[in-house]
$ cat coords-v5.pdb   # PDB, C-alpha atoms
ATOM      1  CA  MET A  21      98.813 113.728 101.428
ATOM      2  CA  LYS A  22      96.790 111.771  98.886
ATOM      3  CA  ARG A  23      97.542 108.172  97.966
ATOM      4  CA  GLN A  24      98.407 109.137  94.384
ATOM      5  CA  GLU A  25     101.063 111.571  95.645
ATOM      6  CA  LEU A  26     102.614 108.866  97.811
ATOM      7  CA  ASP A  27     102.633 106.493  94.820
ATOM      8  CA  GLY A  28     104.554 109.081  92.819
ATOM      9  CA  LEU A  29     107.133 109.599  95.579
ATOM     10  CA  ILE A  30     107.627 105.835  95.971
ATOM     11  CA  ARG A  31     108.233 105.489  92.218
ATOM     12  CA  GLN A  32     110.843 108.271  92.412
ATOM     13  CA  ASN A  33     112.480 106.764  95.519
ATOM     14  CA  LYS A  34     111.609 109.958  97.388
ATOM     15  CA  ALA A  35     109.183 108.563  99.971
ATOM     16  CA  PRO A  36     108.953 110.544 103.253
ATOM     17  CA  ASN A  37     110.923 109.368 106.282
ATOM     18  CA  ALA A  38     107.886 109.495 108.571
ATOM     19  CA  VAL A  39     104.497 108.272 107.372
ATOM     20  CA  MET A  40     101.187 107.628 109.110
ATOM     21  CA  LEU A  41      98.793 105.299 107.274
ATOM     22  CA  TYR A  42      95.173 105.075 108.397
ATOM     23  CA  GLY A  43      91.671 104.696 107.014
ATOM     24  CA  GLU A  44      89.050 102.169 105.987
ATOM     25  CA  SER A  45      91.257  99.801 103.962
ATOM     26  CA  HIS A  46      93.469  97.674 106.189
ATOM     27  CA  PHE A  47      94.697  95.885 103.082
ATOM     28  CA  LEU A  48      96.107  99.146 101.683
ATOM     29  CA  ILE A  49      97.666 100.016 105.046
ATOM     30  CA  ASP A  50      99.487  96.668 104.999
ATOM     31  CA  ARG A  51     100.408  97.112 101.345
ATOM     32  CA  TYR A  52     101.990 100.528 101.823
ATOM     33  CA  ILE A  53     103.835  99.385 104.927
ATOM     34  CA  ARG A  54     105.291  96.632 102.759
ATOM     35  CA  LEU A  55     106.147  99.007  99.890
ATOM     36  CA  LEU A  56     107.705 101.686 102.104
ATOM     37  CA  SER A  57     109.751  99.253 104.177
ATOM     38  CA  ASN A  58     111.057  97.267 101.200
ATOM     39  CA  ILE A  59     114.620  98.500 101.675
ATOM     40  CA  PRO A  60     117.498  96.028 101.258
ATOM     41  CA  ASP A  61     119.627  95.395 104.366
ATOM     42  CA  ALA A  62     117.465  97.638 106.551
ATOM     43  CA  ASN A  63     117.287  96.967 110.268
ATOM     44  CA  THR A  64     113.546  96.737 110.944
ATOM     45  CA  LEU A  65     111.678  96.712 114.252
ATOM     46  CA  THR A  66     107.937  96.017 114.027
ATOM     47  CA  LEU A  67     105.707  96.549 117.062
ATOM     48  CA  TYR A  68     102.205  95.070 116.736
ATOM     49  CA  HIS A  69      99.168  96.039 118.786
ATOM     50  CA  ASP A  70      99.936  95.468 122.482
ATOM     51  CA  GLU A  71     103.662  95.090 121.821
ATOM     52  CA  TYR A  72     104.131  98.861 121.549
ATOM     53  CA  ASN A  73     106.767 100.132 123.933
ATOM     54  CA  PHE A  74     107.983 103.713 123.696
ATOM     55  CA  THR A  75     111.403 102.960 125.159
ATOM     56  CA  ALA A  76     112.071 100.217 122.592
ATOM     57  CA  ALA A  77     110.722 102.335 119.734
ATOM     58  CA  LYS A  78     112.813 105.331 120.788
ATOM     59  CA  ALA A  79     115.988 103.275 121.155
ATOM     60  CA  HIS A  80     115.578 101.776 117.685
ATOM     61  CA  ILE A  81     114.775 104.937 115.740
ATOM     62  CA  SER A  82     117.440 107.001 117.476
ATOM     63  CA  GLN A  83     120.254 104.696 116.386
ATOM     64  CA  GLY A  84     122.660 105.658 113.690
ATOM     65  CA  SER A  85     124.076 102.860 111.559
ATOM     66  CA  LEU A  86     127.781 102.172 111.466
ATOM     67  CA  PHE A  87     127.499 100.622 108.013
ATOM     68  CA  GLY A  88     125.128 103.037 106.308
ATOM     69  CA  ASP A  89     122.082 100.760 106.649
ATOM     70  CA  ARG A  90     118.698 102.234 107.545
ATOM     71  CA  ASN A  91     116.755 101.628 110.723
ATOM     72  CA  ILE A  92     113.031 101.194 110.146
ATOM     73  CA  LEU A  93     110.451 101.450 112.923
ATOM     74  CA  ILE A  94     106.976 100.110 112.165
ATOM     75  CA  ILE A  95     104.130 100.513 114.647
ATOM     76  CA  LYS A  96     100.902  98.777 113.678
ATOM     77  CA  SER A  97      98.034  98.977 116.108
ATOM     78  CA  GLU A  98      94.302  99.502 116.592
ATOM     79  CA  LYS A  99      95.149 101.533 119.688
ATOM     80  CA  LYS A 100      96.315 105.110 119.423
ATOM     81  CA  VAL A 101      99.910 105.899 120.185
ATOM     82  CA  PRO A 102     100.033 108.935 122.512
ATOM     83  CA  LYS A 103     100.647 112.148 120.610
ATOM     84  CA  ASN A 104     103.628 113.035 122.793
ATOM     85  CA  ASP A 105     105.235 109.704 121.912
ATOM     86  CA  LEU A 106     104.643 110.308 118.212
ATOM     87  CA  SER A 107     106.104 113.818 118.411
ATOM     88  CA  ALA A 108     109.215 112.478 120.135
ATOM     89  CA  LEU A 109     109.673 109.715 117.570
ATOM     90  CA  LEU A 110     109.183 112.161 114.701
ATOM     91  CA  GLU A 111     111.820 114.449 116.196
ATOM     92  CA  LEU A 112     114.273 111.554 116.348
ATOM     93  CA  VAL A 113     113.650 110.774 112.667
ATOM     94  CA  LYS A 114     114.418 114.402 111.804
ATOM     95  CA  LYS A 115     117.745 114.057 113.591
ATOM     96  CA  ASN A 116     118.463 110.754 111.825
ATOM     97  CA  PRO A 117     117.109 111.305 108.289
ATOM     98  CA  ASP A 118     118.432 107.950 107.090
ATOM     99  CA  ASN A 119     115.916 106.212 109.343
ATOM    100  CA  LEU A 120     112.261 105.554 108.589
ATOM    101  CA  PHE A 121     109.168 105.608 110.833
ATOM    102  CA  ILE A 122     105.886 104.054 109.631
ATOM    103  CA  TYR A 123     102.775 104.221 111.818
ATOM    104  CA  GLY A 124      99.904 102.025 110.626
ATOM    105  CA  TYR A 125      96.792 102.970 112.623
ATOM    106  CA  LEU A 126      94.068 100.329 112.272
ATOM    107  CA  GLY A 127      91.491 101.973 114.512
ATOM    108  CA  SER A 128      88.289 103.588 113.290
ATOM    109  CA  ASP A 129      88.486 106.909 115.145
ATOM    110  CA  PHE A 130      90.015 108.820 112.253
ATOM    111  CA  LYS A 131      89.135 112.333 113.419
ATOM    112  CA  LYS A 132      91.186 111.936 116.581
ATOM    113  CA  SER A 133      93.803 109.554 115.262
ATOM    114  CA  ALA A 134      96.813 111.743 116.112
ATOM    115  CA  THR A 135      97.355 112.730 112.488
ATOM    116  CA  ALA A 136      98.102 116.246 113.759
ATOM    117  CA  ALA A 137     101.554 115.048 114.851
ATOM    118  CA  PHE A 138     102.421 114.222 111.236
ATOM    119  CA  ASN A 139     102.759 117.672 109.707
ATOM    120  CA  THR A 140     105.149 119.874 107.744
ATOM    121  CA  LYS A 141     106.903 121.062 110.888
ATOM    122  CA  SER A 142     107.540 117.532 112.171
ATOM    123  CA  GLY A 143     108.521 116.299 108.712
ATOM    124  CA  GLY A 144     105.836 113.613 108.733
ATOM    125  CA  VAL A 145     102.917 112.998 106.376
ATOM    126  CA  SER A 146      99.595 111.207 106.918
ATOM    127  CA  ILE A 147      97.594 109.378 104.259
ATOM    128  CA  ARG A 148      94.012 108.196 104.646
ATOM    129  CA  LEU A 149      93.440 105.024 102.670
ATOM    130  CA  PHE A 150      89.857 104.550 101.541
ATOM    131  CA  THR A 151      88.364 101.265 100.353
ATOM    132  CA  PRO A 152      89.292 101.125  96.647
ATOM    133  CA  PHE A 153      86.639 101.297  93.948
ATOM    134  CA  ASP A 154      86.192  98.119  91.898
ATOM    135  CA  SER A 155      88.403  99.428  89.077
ATOM    136  CA  GLU A 156      91.132 100.407  91.565
ATOM    137  CA  ALA A 157      90.959  97.023  93.278
ATOM    138  CA  LYS A 158      91.332  95.288  89.917
ATOM    139  CA  ASN A 159      94.383  97.400  89.037
ATOM    140  CA  ILE A 160      95.963  96.656  92.414
ATOM    141  CA  ILE A 161      95.498  92.913  91.865
ATOM    142  CA  LEU A 162      97.073  93.276  88.409
ATOM    143  CA  GLU A 163     100.038  95.194  89.867
ATOM    144  CA  GLU A 164     100.570  92.588  92.583
ATOM    145  CA  ALA A 165     100.214  89.762  90.064
ATOM    146  CA  LYS A 166     102.821  91.354  87.798
ATOM    147  CA  ALA A 167     105.213  91.775  90.727
ATOM    148  CA  MET A 168     104.785  88.059  91.496
ATOM    149  CA  GLY A 169     105.392  87.066  87.873
ATOM    150  CA  ILE A 170     101.772  86.041  87.251
ATOM    151  CA  ASP A 171     100.424  86.524  83.727
ATOM    152  CA  MET A 172      96.907  87.798  84.404
ATOM    153  CA  GLN A 173      94.524  89.864  82.265
ATOM    154  CA  HIS A 174      91.901  92.373  83.396
ATOM    155  CA  TYR A 175      88.984  89.961  83.122
ATOM    156  CA  SER A 176      90.792  87.384  85.278
ATOM    157  CA  ALA A 177      91.549  89.967  87.967
ATOM    158  CA  SER A 178      87.866  90.975  88.033
ATOM    159  CA  TYR A 179      86.807  87.352  88.263
ATOM    160  CA  LEU A 180      89.262  86.629  91.096
ATOM    161  CA  LEU A 181      87.841  89.549  93.072
ATOM    162  CA  GLU A 182      84.311  88.306  92.467
ATOM    163  CA  THR A 183      85.159  84.855  93.832
ATOM    164  CA  GLN A 184      86.259  86.580  97.049
ATOM    165  CA  ASN A 185      83.156  88.776  97.315
ATOM    166  CA  ASN A 186      85.286  91.765  96.209
ATOM    167  CA  ASP A 187      87.464  91.509  99.316
ATOM    168  CA  LEU A 188      90.821  92.824  98.088
ATOM    169  CA  GLY A 189      92.785  91.257 100.935
ATOM    170  CA  LEU A 190      91.348  87.791 100.318
ATOM    171  CA  ALA A 191      91.923  88.074  96.567
ATOM    172  CA  PHE A 192      95.543  89.088  97.145
ATOM    173  CA  ASN A 193      96.087  86.071  99.403
ATOM    174  CA  GLU A 194      94.894  83.772  96.605
ATOM    175  CA  LEU A 195      97.585  85.027  94.195
ATOM    176  CA  GLY A 196     100.091  82.726  95.881
ATOM    177  CA  LYS A 197      98.132  79.693  94.659
ATOM    178  CA  LEU A 198      98.111  81.027  91.101
ATOM    179  CA  GLN A 199     101.815  81.845  91.127
ATOM    180  CA  ILE A 200     102.784  78.175  90.999
ATOM    181  CA  LEU A 201     101.121  77.642  87.603
ATOM    182  CA  GLN A 202     103.812  79.356  85.521
ATOM    183  CA  ARG A 203     101.271  79.978  82.751
ATOM    184  CA  PRO A 204      98.640  82.622  81.900
ATOM    185  CA  VAL A 205      95.838  82.705  84.461
ATOM    186  CA  THR A 206      92.269  82.560  83.148
ATOM    187  CA  THR A 207      88.932  81.984  84.866
ATOM    188  CA  LYS A 208      89.521  78.247  84.384
ATOM    189  CA  GLU A 209      92.649  78.291  86.556
ATOM    190  CA  ILE A 210      90.873  80.435  89.150
ATOM    191  CA  ASP A 211      87.953  78.000  89.281
ATOM    192  CA  GLU A 212      90.368  75.097  89.733
ATOM    193  CA  LEU A 213      92.708  76.574  92.350
ATOM    194  CA  VAL A 214      90.893  79.314  94.230
ATOM    195  CA  PHE A 215      88.389  78.599  96.947
ATOM    196  CA  GLY A 216      85.810  81.396  97.073
ATOM    197  CA  MET A 217      85.395  82.139 100.773
ATOM    198  CA  GLY A 218      81.736  81.681 101.531
ATOM    199  CA  GLU A 219      80.951  81.920  97.820
ATOM    200  CA  VAL A 220      79.033  78.666  97.557
ATOM    201  CA  ARG A 221      77.085  79.245 100.743
ATOM    202  CA  ILE A 222      76.213  82.851  99.918
ATOM    203  CA  GLU A 223      75.301  81.899  96.356
ATOM    204  CA  GLN A 224      73.043  79.173  97.730
ATOM    205  CA  LEU A 225      71.407  81.714 100.030
ATOM    206  CA  ILE A 226      70.876  84.129  97.128
ATOM    207  CA  ASN A 227      69.301  81.402  94.991
ATOM    208  CA  THR A 228      67.025  80.421  97.873
ATOM    209  CA  LEU A 229      65.982  84.048  98.338
ATOM    210  CA  LEU A 230      65.263  84.619  94.658
ATOM    211  CA  ASP A 231      63.297  81.367  94.469
ATOM    212  CA  LYS A 232      61.139  82.689  97.353
ATOM    213  CA  LYS A 233      61.973  79.724  99.577
ATOM    214  CA  ASP A 234      62.607  79.724 103.323
ATOM    215  CA  PHE A 235      66.135  81.067 103.779
ATOM    216  CA  LYS A 236      66.383  81.497 107.564
ATOM    217  CA  MET A 237      68.310  78.296 108.341
ATOM    218  CA  GLN A 238      70.879  79.018 105.594
ATOM    219  CA  LEU A 239      71.269  82.585 106.817
ATOM    220  CA  GLN A 240      71.840  81.435 110.390
ATOM    221  CA  ARG A 241      74.547  78.989 109.311
ATOM    222  CA  ILE A 242      76.311  81.619 107.202
ATOM    223  CA  LEU A 243      76.326  84.109 110.069
ATOM    224  CA  GLU A 244      77.549  81.456 112.493
ATOM    225  CA  SER A 245      80.434  80.712 110.123
ATOM    226  CA  GLY A 246      81.684  84.265 110.613
ATOM    227  CA  GLN A 247      80.257  86.067 107.599
ATOM    228  CA  ASP A 248      79.417  89.725 108.193
ATOM    229  CA  GLU A 249      75.891  91.103 107.622
ATOM    230  CA  ILE A 250      77.205  93.947 105.456
ATOM    231  CA  ARG A 251      79.134  91.502 103.280
ATOM    232  CA  ILE A 252      75.968  89.474 102.717
ATOM    233  CA  ILE A 253      74.043  92.616 101.721
ATOM    234  CA  THR A 254      76.789  93.796  99.350
ATOM    235  CA  ALA A 255      77.110  90.311  97.795
ATOM    236  CA  LEU A 256      73.347  90.263  97.210
ATOM    237  CA  SER A 257      73.413  93.797  95.757
ATOM    238  CA  SER A 258      76.256  92.824  93.428
ATOM    239  CA  HIS A 259      74.410  89.697  92.323
ATOM    240  CA  ILE A 260      71.170  91.545  91.558
ATOM    241  CA  ALA A 261      73.019  94.353  89.765
ATOM    242  CA  GLN A 262      74.703  91.671  87.655
ATOM    243  CA  LEU A 263      71.325  90.077  86.901
ATOM    244  CA  TYR A 264      70.052  93.461  85.743
ATOM    245  CA  LEU A 265      72.950  93.751  83.295
ATOM    246  CA  PHE A 266      72.035  90.319  81.917
ATOM    247  CA  TYR A 267      68.384  91.392  81.755
ATOM    248  CA  ILE A 268      69.250  94.492  79.680
ATOM    249  CA  SER A 269      71.612  92.543  77.406
ATOM    250  CA  ILE A 270      69.040  89.833  76.715
ATOM    251  CA  LYS A 271      66.346  92.441  76.051
ATOM    252  CA  ILE A 272      68.594  94.196  73.524
ATOM    253  CA  SER A 273      70.304  91.293  71.781
ATOM    254  CA  GLY A 274      68.168  88.298  72.685
ATOM    255  CA  ALA A 275      71.325  86.336  73.504
ATOM    256  CA  VAL A 276      73.365  85.460  76.593
ATOM    257  CA  ASP A 277      77.045  86.427  76.584
ATOM    258  CA  SER A 278      78.703  87.054  79.950
ATOM    259  CA  LEU A 279      81.873  88.256  78.217
ATOM    260  CA  LYS A 280      79.957  91.197  76.721
ATOM    261  CA  VAL A 281      77.998  91.830  79.914
ATOM    262  CA  LEU A 282      80.791  91.576  82.491
ATOM    263  CA  GLY A 283      84.014  91.781  80.508
ATOM    264  CA  TYR A 284      84.951  88.189  81.331
ATOM    265  CA  LYS A 285      83.476  84.768  80.629
ATOM    266  CA  LEU A 286      81.592  83.009  83.387
ATOM    267  CA  PRO A 287      81.629  79.210  83.611
ATOM    268  CA  PRO A 288      78.755  77.882  81.441
ATOM    269  CA  ARG A 289      76.714  76.645  84.411
ATOM    270  CA  ILE A 290      76.838  79.997  86.189
ATOM    271  CA  GLU A 291      76.216  81.944  82.963
ATOM    272  CA  LYS A 292      73.096  79.893  82.260
ATOM    273  CA  GLU A 293      71.839  80.344  85.832
ATOM    274  CA  ARG A 294      72.390  84.130  85.729
ATOM    275  CA  ALA A 295      70.432  84.358  82.489
ATOM    276  CA  ARG A 296      67.597  82.236  83.893
ATOM    277  CA  GLN A 297      67.316  84.378  86.995
ATOM    278  CA  SER A 298      67.610  87.700  85.176
ATOM    279  CA  ILE A 299      64.531  87.312  82.972
ATOM    280  CA  ARG A 300      62.292  86.395  85.912
ATOM    281  CA  PHE A 301      62.054  89.980  87.122
ATOM    282  CA  LYS A 302      60.793  93.240  85.695
ATOM    283  CA  GLN A 303      62.743  96.484  85.564
ATOM    284  CA  GLU A 304      60.583  97.975  88.347
ATOM    285  CA  GLN A 305      61.430  95.034  90.585
ATOM    286  CA  TYR A 306      65.148  95.502  89.976
ATOM    287  CA  LEU A 307      64.859  99.159  90.987
ATOM    288  CA  GLU A 308      62.953  98.276  94.167
ATOM    289  CA  MET A 309      65.372  95.513  95.146
ATOM    290  CA  LEU A 310      68.528  97.578  94.604
ATOM    291  CA  THR A 311      67.053 100.586  96.392
ATOM    292  CA  LEU A 312      66.112  98.426  99.381
ATOM    293  CA  LEU A 313      69.554  96.816  99.582
ATOM    294  CA  LEU A 314      71.476 100.079  99.222
ATOM    295  CA  GLU A 315      69.320 101.771 101.868
ATOM    296  CA  THR A 316      69.855  98.803 104.207
ATOM    297  CA  GLU A 317      73.625  98.905 103.664
ATOM    298  CA  LEU A 318      73.632 102.627 104.451
ATOM    299  CA  LYS A 319      71.686 102.036 107.665
ATOM    300  CA  MET A 320      74.123  99.299 108.703
ATOM    301  CA  LYS A 321      77.101 101.600 108.167
ATOM    302  CA  SER A 322      75.541 104.628 109.867
ATOM    303  CA  PRO A 323      76.754 105.643 113.357
ATOM    304  CA  GLY A 324      74.526 104.219 116.056
ATOM    305  CA  ALA A 325      72.959 101.693 113.702
ATOM    306  CA  MET A 326      70.504  99.281 115.224
ATOM    307  CA  ASP A 327      71.120  95.529 115.316
ATOM    308  CA  LYS A 328      72.643  94.607 111.925
ATOM    309  CA  ASN A 329      71.214  91.110 112.174
ATOM    310  CA  ALA A 330      67.704  92.530 112.519
ATOM    311  CA  LEU A 331      68.276  94.949 109.631
ATOM    312  CA  LEU A 332      69.518  92.112 107.427
ATOM    313  CA  LEU A 333      66.623  89.787 108.245
ATOM    314  CA  SER A 334      64.068  92.562 107.676
ATOM    315  CA  ALA A 335      65.627  93.483 104.321
ATOM    316  CA  LEU A 336      65.642  89.885 103.074
ATOM    317  CA  ILE A 337      62.006  89.358 104.052
ATOM    318  CA  ARG A 338      61.041  92.629 102.313
ATOM    319  CA  LEU A 339      63.091  91.646  99.263
ATOM    320  CA  GLN A 340      61.136  88.415  98.882
ATOM    321  CA  GLY A 341      57.976  90.494  99.082
ATOM    322  CA  ILE A 342      59.101  92.429  95.997
ATOM    323  CA  LEU A 343      59.558  89.273  93.920
TER
END
$ encode --input "coords-v5.pdb" --output "structure tokens"
Amino acid sequence: MKRQELDGLIRQNKAPNAVMLYGESHFLIDRYIRLLSNIPDANTLTLYHDEYNFTAAKAHISQGSLFGDRNILIIKSEKKVPKNDLSALLELVKKNPDNLFIYGYLGSDFKKSATAAFNTKSGGVSIRLFTPFDSEAKNIILEEAKAMGIDMQHYSASYLLETQNNDLGLAFNELGKLQILQRPVTTKEIDELVFGMGEVRIEQLINTLLDKKDFKMQLQRILESGQDEIRIITALSSHIAQLYLFYISIKISGAVDSLKVLGYKLPPRIEKERARQSIRFKQEQYLEMLTLLLETELKMKSPGAMDKNALLLSALIRLQGIL
């Protein structure tokens, strides 16, 4: 089943009684577990990771309720639940259609993730949740903001995601800070209340790189703080792509206006810095830089990739050679 189909069933209150959620986006897995299990007065048992116990799961999902309430079984784990266990649990749900079974698989072995147990015969469905595109991520933030009573416009949602390096889960976590304002949320409120995880440090690294200064000590500190090599590459790609948009806009209009370029207004200091950086490079350099970064990201994500740290360091040295 596709995510859009599940969305439609949830809106119609016709969601399946047995659902397996898996894929690249752990945020979406958590989100759909929350949406599917949001049933008033339900009796919910959640088994995380090493807590899984077939006997306990079976006992819970096989119960009928004396008062008409629903029993919900949630299993959330990076480890695979044995297929025989899943088949038995699915059979119990068929016998007790008021109950609900949600299996959130957080592992990466999708091809052998036991999705075969969730089929038409068993009454279960499986949904692979891919990392959302930027426009999808923005719409999800807007939906969550609306549900929390936050008055937020499209440009603010985009800006919030940018402060969190486009990490949907981190951006969602920051909505709680904005909820207390009880007024429309703009970039000003986001700047005041939201701490961009690693934003300052990564931005400092990017500025050092583009100024052709020695970046190795900054890079080491960022990696030691827990930042992922792929996230650094994607943040750098996003930054350079943004500079290219400024470059084109300035070439065409001769003026700097981040609202026209990005759809939202950057703080004046950042807008001025983006403009300054953008006109330093030629179009051919932009093409070379973006090609290098995208190729490096692909290598990092490829099966059997070599040391990501080495790939990152090599790419950054080569990037400075393009400047």
$ residues_around --input "coords-v5.pdb" --residues "range 314-331 of chain A" --least-positions-apart "5" --cutoff "8 Å" --atoms "all atoms listed in the file" --output "JSON, numbers by chain"
{"A": [249, 250, 253, 254, 257]}
$ resolve_selection --input "coords-v5.pdb" --expression "the PyMOL selection byres ((chain A and resi 162) around 8)" --output "JSON, numbers by chain"
{"A": [158, 159, 160, 161, 163, 164, 165, 166, 172, 173, 174, 177]}
$ atom_distance --input "coords-v5.pdb" --atom1 "CA of Phe74 in chain A" --atom2 "CA of Ile95 in chain A"
10.3 Å
$ atom_distance --input "coords-v5.pdb" --atom1 "CA of Leu106 in chain A" --atom2 "CA of Arg148 in chain A"
17.4 Å
$ resolve_selection --input "coords-v5.pdb" --expression "the PyMOL selection byres ((chain A and resi 48) around 10)" --output "VMD selection string"
chain A and resid 23 41 to 47 49 to 54 148 to 152 160 188 to 189
$ residues_around --input "coords-v5.pdb" --residues "Ser176 in chain A" --least-positions-apart "3" --cutoff "7 Å" --atoms "all atoms listed in the file" --output "PyMOL selection string"
chain A and resi 172-173+179-180+205-207
$ resolve_selection --input "coords-v5.pdb" --expression "the PyMOL selection byres ((chain A and resi 295-305) around 10)" --output "number ranges by chain"
A: 227, 230-231, 260-271, 275-278, 290-294, 306-311, 339, 342-343
$ residues_near_point --input "coords-v5.pdb" --point "(106.1, 115.1, 119.7)" --cutoff "12 Å" --atoms "all atoms listed in the file" --output "PDB file with C-alpha atoms, in the coordinates of the input"
ATOM      1  CA  LYS A  78     112.813 105.331 120.788  1.00  0.00           C
ATOM      2  CA  VAL A 101      99.910 105.899 120.185  1.00  0.00           C
ATOM      3  CA  PRO A 102     100.033 108.935 122.512  1.00  0.00           C
ATOM      4  CA  LYS A 103     100.647 112.148 120.610  1.00  0.00           C
ATOM      5  CA  ASN A 104     103.628 113.035 122.793  1.00  0.00           C
ATOM      6  CA  ASP A 105     105.235 109.704 121.912  1.00  0.00           C
ATOM      7  CA  LEU A 106     104.643 110.308 118.212  1.00  0.00           C
ATOM      8  CA  SER A 107     106.104 113.818 118.411  1.00  0.00           C
ATOM      9  CA  ALA A 108     109.215 112.478 120.135  1.00  0.00           C
ATOM     10  CA  LEU A 109     109.673 109.715 117.570  1.00  0.00           C
ATOM     11  CA  LEU A 110     109.183 112.161 114.701  1.00  0.00           C
ATOM     12  CA  GLU A 111     111.820 114.449 116.196  1.00  0.00           C
ATOM     13  CA  LEU A 112     114.273 111.554 116.348  1.00  0.00           C
ATOM     14  CA  VAL A 113     113.650 110.774 112.667  1.00  0.00           C
ATOM     15  CA  LYS A 114     114.418 114.402 111.804  1.00  0.00           C
ATOM     16  CA  ALA A 134      96.813 111.743 116.112  1.00  0.00           C
ATOM     17  CA  THR A 135      97.355 112.730 112.488  1.00  0.00           C
ATOM     18  CA  ALA A 136      98.102 116.246 113.759  1.00  0.00           C
ATOM     19  CA  ALA A 137     101.554 115.048 114.851  1.00  0.00           C
ATOM     20  CA  PHE A 138     102.421 114.222 111.236  1.00  0.00           C
ATOM     21  CA  ASN A 139     102.759 117.672 109.707  1.00  0.00           C
ATOM     22  CA  LYS A 141     106.903 121.062 110.888  1.00  0.00           C
ATOM     23  CA  SER A 142     107.540 117.532 112.171  1.00  0.00           C
ATOM     24  CA  GLY A 143     108.521 116.299 108.712  1.00  0.00           C
ATOM     25  CA  GLY A 144     105.836 113.613 108.733  1.00  0.00           C
TER      26      GLY A 144
END
$ decode --input "coords-v5.pdb" --residues "range 59-73 of chain A" --atoms "N, CA and C atoms" --output "compact mmCIF listing (two decimals), in the first residue's frame"
# COMPACT_ATOMS: atom_id res chain seq x y z
N ILE A 59 -6.58 6.33 19.42
CA ILE A 59 -7.95 5.84 19.61
C ILE A 59 -8.32 6.02 21.08
N PRO A 60 -9.33 6.83 21.37
CA PRO A 60 -9.70 7.09 22.76
C PRO A 60 -10.03 5.80 23.52
N ASP A 61 -9.56 5.73 24.75
CA ASP A 61 -9.86 4.62 25.68
C ASP A 61 -9.32 3.27 25.22
N ALA A 62 -8.40 3.26 24.27
CA ALA A 62 -7.82 1.99 23.83
C ALA A 62 -6.84 1.47 24.88
N ASN A 63 -6.71 0.17 24.93
CA ASN A 63 -5.77 -0.48 25.82
C ASN A 63 -4.52 -0.83 25.01
N THR A 64 -3.46 -0.07 25.19
CA THR A 64 -2.29 -0.17 24.31
C THR A 64 -1.11 -0.82 25.00
N LEU A 65 -0.50 -1.78 24.32
CA LEU A 65 0.76 -2.39 24.76
C LEU A 65 1.81 -2.09 23.71
N THR A 66 2.90 -1.42 24.12
CA THR A 66 3.98 -1.09 23.21
C THR A 66 5.24 -1.84 23.62
N LEU A 67 5.80 -2.59 22.70
CA LEU A 67 7.03 -3.36 22.94
C LEU A 67 8.14 -2.77 22.10
N TYR A 68 9.17 -2.20 22.75
CA TYR A 68 10.27 -1.57 22.05
C TYR A 68 11.48 -2.50 21.96
N HIS A 69 12.09 -2.55 20.83
CA HIS A 69 13.39 -3.17 20.61
C HIS A 69 13.50 -4.52 21.33
N ASP A 70 14.35 -4.58 22.36
CA ASP A 70 14.61 -5.87 23.02
C ASP A 70 13.49 -6.30 23.97
N GLU A 71 12.46 -5.48 24.09
CA GLU A 71 11.35 -5.84 24.98
C GLU A 71 10.41 -6.84 24.34
N TYR A 72 10.55 -7.08 23.03
CA TYR A 72 9.59 -7.95 22.34
C TYR A 72 9.53 -9.32 22.99
N ASN A 73 8.31 -9.75 23.24
CA ASN A 73 8.06 -11.07 23.82
C ASN A 73 6.79 -11.60 23.18
